[in-house]
file protein_23.txt (compact mmCIF, C-alpha atoms)
# COMPACT_ATOMS: atom_id res chain seq x y z
CA SER A 214 23.89 37.92 34.50
CA LEU A 215 20.81 35.83 33.73
CA LEU A 216 21.46 33.32 36.53
CA LYS A 217 21.88 36.18 38.98
CA GLU A 218 18.54 37.61 37.89
CA CYS A 219 17.00 34.15 38.38
CA PHE A 220 18.16 34.01 41.99
CA GLU A 221 16.95 37.54 42.60
CA LEU A 222 13.49 36.57 41.30
CA LYS A 223 13.18 33.89 43.99
CA SER A 224 12.11 36.58 46.45
CA LEU A 225 9.01 37.33 44.36
CA SER A 226 5.61 36.06 45.48
CA PRO A 227 4.13 32.92 43.86
CA GLU A 228 2.12 33.04 40.64
CA VAL A 229 4.02 36.09 39.30
CA SER A 230 4.94 36.17 35.63
CA LEU A 231 7.32 38.66 34.00
CA TRP A 232 8.31 39.46 30.43
CA SER A 233 11.68 41.08 29.81
CA PRO A 234 11.98 42.42 26.23
CA ALA A 235 15.74 42.86 26.64
CA MET A 236 16.29 39.26 27.64
CA SER A 237 13.44 37.98 25.38
CA LEU A 238 12.55 35.44 28.04
CA LEU A 239 9.24 34.55 29.64
CA ARG A 240 9.72 34.01 33.35
CA THR A 241 7.06 32.36 35.49
CA VAL A 242 7.23 31.86 39.20
CA SER A 243 5.04 29.12 40.69
CA ASN A 244 5.18 27.70 44.23
CA GLY A 245 8.39 29.60 44.90
CA SER A 246 10.32 28.04 42.00
CA ILE A 247 11.33 29.84 38.82
CA ILE A 248 10.54 28.50 35.35
CA ILE A 249 12.18 30.31 32.45
CA HIS A 250 10.73 29.71 28.99
CA PRO A 251 12.53 31.24 26.01
CA PRO A 252 10.45 32.67 23.16
CA GLY A 253 11.67 29.77 21.04
CA PHE A 254 14.52 27.55 19.87
CA TYR A 255 16.95 27.58 16.97
CA VAL A 256 17.03 24.20 15.23
CA VAL A 257 20.50 23.54 13.83
CA GLY A 258 21.13 20.24 12.09
CA PHE A 259 22.51 20.44 8.57
CA GLU A 260 24.90 23.41 8.53
CA VAL A 261 28.08 21.30 8.38
CA PHE A 262 27.20 19.54 5.11
CA PRO A 263 28.56 21.38 2.03
CA HIS A 264 26.02 20.27 -0.61
CA ILE A 265 22.95 20.03 1.60
CA ARG A 266 20.74 21.78 -1.00
CA PHE A 267 20.61 18.51 -2.97
CA TYR A 268 19.30 16.74 0.11
CA PHE A 269 16.47 19.26 0.45
CA ILE A 270 15.57 18.80 -3.23
CA PHE A 271 15.42 15.07 -2.51
CA LEU A 272 13.23 15.71 0.55
CA ALA A 273 10.81 17.78 -1.55
CA PHE A 274 10.52 14.85 -3.97
CA VAL A 275 10.00 12.43 -1.05
CA TYR A 276 7.22 14.62 0.36
CA VAL A 277 5.36 14.89 -2.98
CA VAL A 278 5.54 11.11 -3.43
CA THR A 279 4.40 10.55 0.17
CA VAL A 280 1.32 12.75 -0.18
CA PHE A 281 0.36 11.54 -3.67
CA PHE A 282 0.63 7.79 -3.10
CA ASN A 283 -0.86 7.81 0.40
CA CYS A 284 -3.83 9.89 -0.82
CA LEU A 285 -4.22 7.52 -3.79
CA LEU A 286 -4.09 4.49 -1.49
CA ILE A 287 -6.67 5.95 0.90
CA TYR A 288 -8.98 6.96 -1.96
CA VAL A 289 -8.80 3.52 -3.64
CA ILE A 290 -9.66 1.73 -0.38
CA VAL A 291 -12.37 4.14 0.79
CA SER A 292 -14.10 4.33 -2.62
CA ASN A 293 -14.28 0.53 -3.11
CA ARG A 294 -16.69 -1.26 -0.79
CA CYS A 295 -15.08 -4.63 -1.53
CA LEU A 296 -11.92 -3.32 0.18
CA HIS A 297 -13.79 -2.41 3.37
CA ALA A 298 -12.12 -5.21 5.33
CA PRO A 299 -10.06 -5.27 8.55
CA LYS A 300 -6.76 -5.62 6.66
CA PHE A 301 -7.39 -2.53 4.55
CA LEU A 302 -8.59 -0.56 7.56
CA ALA A 303 -5.13 -1.21 9.01
CA VAL A 304 -3.55 -0.12 5.70
CA VAL A 305 -5.56 3.14 5.70
CA ASN A 306 -4.48 3.71 9.30
CA LEU A 307 -0.84 3.36 8.25
CA ALA A 308 -1.34 5.68 5.24
CA VAL A 309 -2.85 8.45 7.40
CA ILE A 310 0.01 8.12 9.90
CA ASP A 311 2.59 8.25 7.09
CA MET A 312 1.16 11.46 5.63
CA VAL A 313 1.03 13.26 8.98
CA LEU A 314 4.49 12.02 9.99
CA ASN A 315 6.24 13.43 6.92
CA SER A 316 4.10 16.58 6.99
CA THR A 317 5.41 17.25 10.49
CA THR A 318 9.09 17.47 9.56
CA ILE A 319 9.75 17.84 5.81
CA PRO A 320 7.90 21.16 5.17
CA SER A 321 9.59 22.77 8.19
CA MET A 322 13.02 21.54 7.03
CA ILE A 323 12.44 22.92 3.53
CA LYS A 324 11.16 26.21 4.99
CA THR A 325 14.29 26.50 7.11
CA PHE A 326 16.50 25.93 4.05
CA LEU A 327 14.63 28.29 1.68
CA LEU A 328 13.96 31.17 4.09
CA LYS A 329 17.14 30.71 6.18
CA ASP A 330 14.89 30.87 9.23
CA ASN A 331 15.57 28.12 11.76
CA PHE A 332 13.72 29.77 14.67
CA PHE A 333 10.75 27.87 16.16
CA PRO A 334 8.51 29.64 18.72
CA PHE A 335 8.32 27.79 22.04
CA ASN A 336 4.72 26.55 21.65
CA ILE A 337 5.21 25.63 17.98
CA CYS A 338 8.29 23.66 18.98
CA LEU A 339 6.29 21.69 21.57
CA LEU A 340 3.50 21.13 19.04
CA GLN A 341 5.91 19.72 16.46
CA MET A 342 7.47 17.54 19.16
CA PHE A 343 4.05 16.22 20.17
CA VAL A 344 2.86 15.45 16.63
CA TYR A 345 6.14 13.83 15.53
CA TYR A 346 6.48 11.49 18.51
CA SER A 347 2.78 10.65 18.52
CA PHE A 348 2.91 9.52 14.91
CA ILE A 349 6.30 7.79 15.02
CA THR A 350 4.84 5.79 17.92
CA LEU A 351 1.66 5.11 15.93
CA GLU A 352 3.78 3.99 12.96
CA SER A 353 5.43 1.34 15.11
CA TYR A 354 2.09 0.05 16.42
CA ALA A 355 0.49 0.22 12.95
CA LEU A 356 3.09 -2.27 11.70
CA ALA A 357 2.29 -4.50 14.69
CA ILE A 358 -1.43 -4.30 13.83
CA LEU A 359 -0.70 -5.45 10.27
CA ALA A 360 1.33 -8.35 11.70
CA TYR A 361 -1.68 -9.28 13.86
CA ASP A 362 -3.86 -9.28 10.73
CA ARG A 363 -1.47 -11.72 9.01
CA LEU A 364 -1.34 -13.91 12.14
CA ILE A 365 -5.12 -14.32 12.24
CA ALA A 366 -5.41 -14.83 8.46
CA ILE A 367 -2.74 -17.57 8.28
CA CYS A 368 -2.87 -19.29 11.67
CA PHE A 369 -6.64 -19.12 12.23
CA PRO A 370 -8.21 -19.08 8.74
CA LEU A 371 -11.48 -20.71 9.80
CA GLN A 372 -12.03 -18.28 12.69
CA GLN A 373 -10.72 -15.22 10.80
CA ASN A 374 -14.13 -13.70 10.02
CA SER A 375 -15.29 -14.02 13.62
CA ILE A 376 -12.03 -12.91 15.31
CA ASN A 377 -10.73 -10.21 12.99
CA THR A 378 -13.79 -8.08 12.23
CA LEU A 379 -14.03 -4.41 11.25
CA ARG A 380 -15.29 -3.63 14.74
CA SER A 381 -12.43 -5.42 16.51
CA MET A 382 -9.84 -3.86 14.17
CA SER A 383 -11.36 -0.41 14.76
CA CYS A 384 -11.09 -0.95 18.52
CA ILE A 385 -7.43 -1.99 18.23
CA VAL A 386 -6.63 1.06 16.11
CA ALA A 387 -8.50 3.34 18.52
CA VAL A 388 -6.60 1.92 21.52
CA THR A 389 -3.20 2.53 19.85
CA TRP A 390 -4.19 6.10 18.99
CA SER A 391 -5.46 6.81 22.52
CA TYR A 392 -2.33 5.32 24.09
CA SER A 393 0.13 7.09 21.77
CA LEU A 394 -1.52 10.51 21.95
CA GLY A 395 -1.95 10.26 25.73
CA LEU A 396 1.64 9.15 26.40
CA VAL A 397 3.19 11.80 24.16
CA ALA A 398 0.85 14.50 25.52
CA PHE A 399 2.20 13.73 29.01
CA SER A 400 5.86 13.63 27.92
CA THR A 401 5.47 16.88 25.96
CA GLY A 402 3.51 18.55 28.75
CA ILE A 403 6.27 18.01 31.31
CA MET A 404 8.64 19.96 29.04
CA THR A 405 6.92 23.07 30.41
CA TRP A 406 8.34 22.18 33.83
CA LEU A 407 11.87 22.83 32.56
CA SER A 408 13.72 26.12 32.80
CA PHE A 409 15.89 27.19 29.85
CA CYS A 410 18.45 29.82 30.87
CA LYS A 411 21.43 28.61 28.83
CA SER A 412 21.58 27.75 25.13
CA VAL A 413 18.45 27.62 22.95
CA THR A 414 20.12 25.81 20.04
CA VAL A 415 18.60 22.38 19.34
CA ARG A 416 21.00 20.17 17.36
CA SER A 417 18.57 18.10 15.33
CA TYR A 418 16.43 18.32 12.20
CA PHE A 419 13.30 19.29 14.17
CA CYS A 420 12.34 20.19 17.76
CA ASP A 421 13.60 16.88 19.07
CA TYR A 422 12.72 15.78 22.59
CA ALA A 423 16.08 14.72 24.05
CA PRO A 424 18.23 17.48 22.47
CA THR A 425 15.71 20.02 23.80
CA PHE A 426 15.39 18.84 27.41
CA ARG A 427 19.21 18.57 27.66
CA LEU A 428 19.32 22.37 27.26
CA ALA A 429 17.46 22.83 30.55
CA CYS A 430 19.26 24.30 33.55
CA ASN A 431 17.12 22.46 36.12
CA ASP A 432 16.76 18.73 36.75
CA TYR A 433 15.51 16.70 33.75
CA THR A 434 15.84 13.20 35.24
CA LEU A 435 12.10 12.55 34.78
CA HIS A 436 12.27 13.59 31.14
CA TRP A 437 15.26 11.34 30.51
CA ALA A 438 13.46 8.40 32.17
CA VAL A 439 10.26 9.00 30.17
CA SER A 440 12.21 9.34 26.92
CA SER A 441 14.28 6.19 27.48
CA THR A 442 11.35 4.06 28.66
CA ALA A 443 9.04 5.23 25.87
CA SER A 444 11.70 4.56 23.21
CA VAL A 445 12.21 1.00 24.43
CA VAL A 446 8.52 0.22 24.92
CA ASN A 447 7.25 1.81 21.69
CA LEU A 448 9.94 0.39 19.41
CA VAL A 449 11.09 -2.85 21.00
CA ALA A 450 7.66 -4.10 22.17
CA PRO A 451 5.91 -3.87 18.75
CA PHE A 452 9.01 -5.26 17.03
CA THR A 453 9.12 -8.20 19.47
CA PHE A 454 5.41 -8.82 18.85
CA ILE A 455 6.06 -8.85 15.09
CA LEU A 456 8.92 -11.36 15.50
CA LEU A 457 6.74 -13.64 17.65
CA THR A 458 3.91 -13.29 15.12
CA TYR A 459 6.11 -14.45 12.25
CA ALA A 460 7.52 -17.26 14.38
CA ALA A 461 3.94 -18.53 14.83
CA ILE A 462 3.27 -18.03 11.09
CA LEU A 463 6.38 -20.05 10.15
CA VAL A 464 5.30 -22.89 12.44
CA THR A 465 1.87 -22.89 10.76
CA LEU A 466 3.45 -22.86 7.29
CA PHE A 467 5.66 -25.86 8.10
CA LEU A 468 2.59 -27.79 9.23
CA MET A 469 0.93 -27.26 5.85
CA LYS A 470 1.20 -30.29 3.59
CA SER A 471 1.02 -28.43 0.28
CA VAL A 472 4.08 -26.44 -0.84
CA ASN A 473 1.81 -24.31 -3.03
CA SER A 474 -0.29 -23.36 0.02
CA ARG A 475 2.86 -22.43 1.93
CA MET A 476 4.12 -20.14 -0.84
CA LYS A 477 0.71 -18.55 -1.31
CA ALA A 478 0.35 -17.78 2.42
CA LEU A 479 3.92 -16.49 2.64
CA GLY A 480 3.33 -14.31 -0.42
CA THR A 481 0.66 -12.36 1.48
CA CYS A 482 3.30 -11.35 4.06
CA VAL A 483 5.94 -9.98 1.66
CA GLU A 484 4.75 -6.37 1.60
CA HIS A 485 4.49 -6.25 5.39
CA LEU A 486 7.97 -7.72 5.89
CA VAL A 487 9.39 -5.07 3.53
CA LEU A 488 7.75 -2.30 5.57
CA VAL A 489 9.04 -3.74 8.85
CA ALA A 490 12.59 -3.93 7.47
CA ILE A 491 12.47 -0.37 6.09
CA PHE A 492 11.22 1.07 9.38
CA TYR A 493 13.05 -0.86 12.11
CA ILE A 494 16.45 -1.81 10.63
CA PRO A 495 17.67 1.79 9.97
CA LEU A 496 16.43 3.01 13.37
CA PHE A 497 18.03 0.18 15.34
CA THR A 498 21.26 0.47 13.32
CA ILE A 499 21.54 4.22 13.94
CA PHE A 500 20.78 3.88 17.66
CA ILE A 501 23.30 1.06 18.12
CA LEU A 502 26.10 2.59 16.03
CA GLY A 503 25.40 6.19 17.06
CA PHE A 504 24.54 6.02 20.74
CA TYR A 505 26.27 2.85 21.98
CA VAL A 506 29.20 2.01 19.68
CA ARG A 507 29.58 5.72 18.71
CA LEU A 508 30.78 5.03 15.18
CA ILE A 509 28.57 7.86 13.83
CA ASP A 510 29.23 11.47 14.85
CA ALA A 511 26.41 13.76 15.96
CA ASP A 512 25.93 15.53 12.60
CA GLN A 513 25.86 12.29 10.61
CA ARG A 514 23.40 10.84 13.13
CA VAL A 515 21.02 13.77 12.59
CA LEU A 516 21.16 13.28 8.81
CA SER A 517 20.71 9.50 9.16
CA LEU A 518 17.76 9.85 11.53
CA SER A 519 16.05 12.31 9.20
CA LEU A 520 16.37 9.80 6.35
CA ALA A 521 15.22 6.92 8.55
CA SER A 522 12.06 8.79 9.55
CA CYS A 523 11.22 10.29 6.11
CA ILE A 524 11.77 7.31 3.78
CA PRO A 525 9.32 4.71 5.26
CA PRO A 526 6.20 6.94 4.88
CA CYS A 527 7.20 7.47 1.25
CA VAL A 528 7.87 3.82 0.44
CA ASN A 529 5.00 2.21 2.40
CA PRO A 530 2.11 3.15 0.05
CA ILE A 531 4.17 2.24 -3.04
CA VAL A 532 4.93 -1.21 -1.64
CA TYR A 533 1.30 -1.85 -0.71
CA SER A 534 0.05 -0.53 -4.06
CA LEU A 535 2.40 -2.78 -6.05
CA LYS A 536 2.41 -5.92 -3.88
CA THR A 537 -1.22 -6.13 -2.76
CA ARG A 538 -3.23 -7.65 -5.61
CA GLU A 539 -6.61 -6.22 -4.57
CA ILE A 540 -5.28 -2.66 -4.28
CA LYS A 541 -3.31 -2.88 -7.52
CA ILE A 542 -6.37 -4.10 -9.49
CA ARG A 543 -8.58 -1.32 -8.09
CA ALA A 544 -5.92 1.37 -8.64
CA VAL A 545 -5.41 0.31 -12.28
CA ALA A 546 -9.19 0.24 -12.84
CA LEU A 547 -9.48 3.74 -11.36
CA ILE A 548 -6.71 5.10 -13.62
CA ARG A 549 -8.29 3.52 -16.71
CA LYS A 550 -11.69 4.93 -15.78
CA ASN A 551 -10.25 8.44 -15.48
CA LYS A 552 -8.43 8.05 -18.82
CA ILE A 553 -11.67 7.05 -20.55
CA LYS A 554 -13.47 10.05 -19.01
CA GLY A 555 -10.65 12.33 -20.15
CA THR A 556 -10.77 10.94 -23.70
CA LYS A 557 -14.55 11.43 -23.94
CA PHE A 558 -14.19 14.98 -22.69
call {"tool": "encode", "arguments": {"input": "protein_23.txt", "output": "structure tokens"}}
result
Amino acid sequence: SLLKECFELKSLSPEVSLWSPAMSLLRTVSNGSIIIHPPGFYVVGFEVFPHIRFYFIFLAFVYVVTVFFNCLLIYVIVSNRCLHAPKFLAVVNLAVIDMVLNSTTIPSMIKTFLLKDNFFPFNICLLQMFVYYSFITLESYALAILAYDRLIAICFPLQQNSINTLRSMSCIVAVTWSYSLGLVAFSTGIMTWLSFCKSVTVRSYFCDYAPTFRLACNDYTLHWAVSSTASVVNLVAPFTFILLTYAAILVTLFLMKSVNSRMKALGTCVEHLVLVAIFYIPLFTIFILGFYVRLIDADQRVLSLSLASCIPPCVNPIVYSLKTREIKIRAVALIRKNKIKGTKF
């Protein structure tokens, strides 16, 4: 058996690596301990649903909308110098994150459905894991950055131009990227410490972190601790910051004497509040009902999580394009300009 072979390999000298074609497993021995890496994993998440092909058609539509509207949003902001402001830098940051986030999962899901190939090589699996969790973390902090922008604009209007500058916003964005990429690089890197000598079937819609490390046959306490702590910190901390930000904004609004001023200031927050609701409410609901109350079975949780992660990147650019006056004016002007050029041609 495989476990018997593992124990027999313990007698080998350190730093030996073997490849067994029959077992299709990469075995590495380092410091006297055996690490077994399979050639890859089989991602199984949607087989139990009878009409799942309609869901994949929907995902294809979601992906096209995500790419088109996020590219349009980025182009409108980058090509108009009057939109080169801290707020729109934060919006571009969110748009880039949205495109990469959906590009990480949707094409691979569609490929699995069309080609009936759900095998992911080991390194590709880790790469997808790294990119997905890096950008889902960045999404959470990007929403917190937009909340910070609204806080400065409404609560400190006179100091806004000196506090919230392009340079300061760039630094904040850079810090969130460095933190997210560094944290996820560490958590993904320690996956190589695990030995997989049992099942290689990951029950999720992509190479998910927790379903993968639970397949290990050695101790994964560190991985569980990192996963749990990172989930709490990277979701709850930005969400708490957003709540505190809007508490401060509401206090400022109540201190305003003019009702018209209150409504105008609150109107600038509508698009951001919509994005926060779309991102956080489904995730928190699924985690509470699925993991704690257990009202959702494992297969339904996979489907719900895939929706919860794919829909926000699709909706975000549409909301900002329709609700932000400056972007809407520039987008309409760009479309009219292209129509005129097309007519002349």
call {"tool": "closest_residue", "arguments": {"input": "protein_23.txt", "among": "A:Thr405, A:Asp311, A:Leu302, A:Leu339", "to": "A:Val386", "atoms": "all atoms listed in the file"}}
result
A:Leu302
call {"tool": "residues_around", "arguments": {"input": "protein_23.txt", "residues": "A:Phe419", "least_positions_apart": "5", "cutoff": "10 Å", "atoms": "only C-alpha atoms", "output": "PyMOL selection string"}}
result
chain A and resi 255-258+317-319+321-322+331+333+338+341-342+345+424-425+515+519
call {"tool": "atom_distance", "arguments": {"input": "protein_23.txt", "atom1": "atom CA of A:Ser316", "atom2": "atom CA of A:Ser517"}}
result
18.2 Å
call {"tool": "residues_around", "arguments": {"input": "protein_23.txt", "residues": "stretch 365-378 of chain A", "least_positions_apart": "5", "cutoff": "12 Å", "atoms": "only C-alpha atoms", "output": "ChimeraX atom specification"}}
result
/A:297-303,358-360,383-385,458-469,474-482
call {"tool": "residues_around", "arguments": {"input": "protein_23.txt", "residues": "A:Cys410", "least_positions_apart": "2", "cutoff": "7 Å", "atoms": "all atoms listed in the file", "output": "PyMOL selection string"}}
result
chain A and resi 249+408+412+430
call {"tool": "closest_residue", "arguments": {"input": "protein_23.txt", "among": "A:Asp421, A:Leu351, A:Ile524, A:Thr414", "to": "A:Phe274", "atoms": "only C-alpha atoms"}}
result
A:Ile524
call {"tool": "closest_residue", "arguments": {"input": "protein_23.txt", "among": "A:Ala511, A:Val483, A:Ile270, A:Val305", "to": "A:Leu286", "atoms": "all atoms listed in the file"}}
result
A:Val305
call {"tool": "atom_distance", "arguments": {"input": "protein_23.txt", "atom1": "atom CA of A:Ser400", "atom2": "atom CA of A:Val344"}}
result
11.8 Å
call {"tool": "atom_distance", "arguments": {"input": "protein_23.txt", "atom1": "atom CA of A:Phe335", "atom2": "atom CA of A:Lys411"}}
result
14.8 Å
call {"tool": "residues_around", "arguments": {"input": "protein_23.txt", "residues": "A:Leu516", "least_positions_apart": "3", "cutoff": "8 Å", "atoms": "all atoms listed in the file", "output": "number ranges by chain"}}
result
A: 258-259, 418, 512-513, 519-520
call {"tool": "residues_around", "arguments": {"input": "protein_23.txt", "residues": "A:Ala544", "least_positions_apart": "4", "cutoff": "10 Å", "atoms": "only C-alpha atoms", "output": "list of chain:residue names"}}
result
A:Leu285, A:Leu286, A:Tyr288, A:Val289, A:Ile290, A:Ser534, A:Leu535, A:Arg538, A:Glu539, A:Ile540, A:Ile548, A:Arg549, A:Lys550
call {"tool": "closest_residue", "arguments": {"input": "protein_23.txt", "among": "A:Phe409, A:Pro263, A:Cys420, A:Asn473", "to": "A:Ile247", "atoms": "only C-alpha atoms"}}
result
A:Phe409
call {"tool": "closest_residue", "arguments": {"input": "protein_23.txt", "among": "A:Val313, A:Tyr533, A:Val445, A:Asp432", "to": "A:Leu488", "atoms": "all atoms listed in the file"}}
result
A:Tyr533
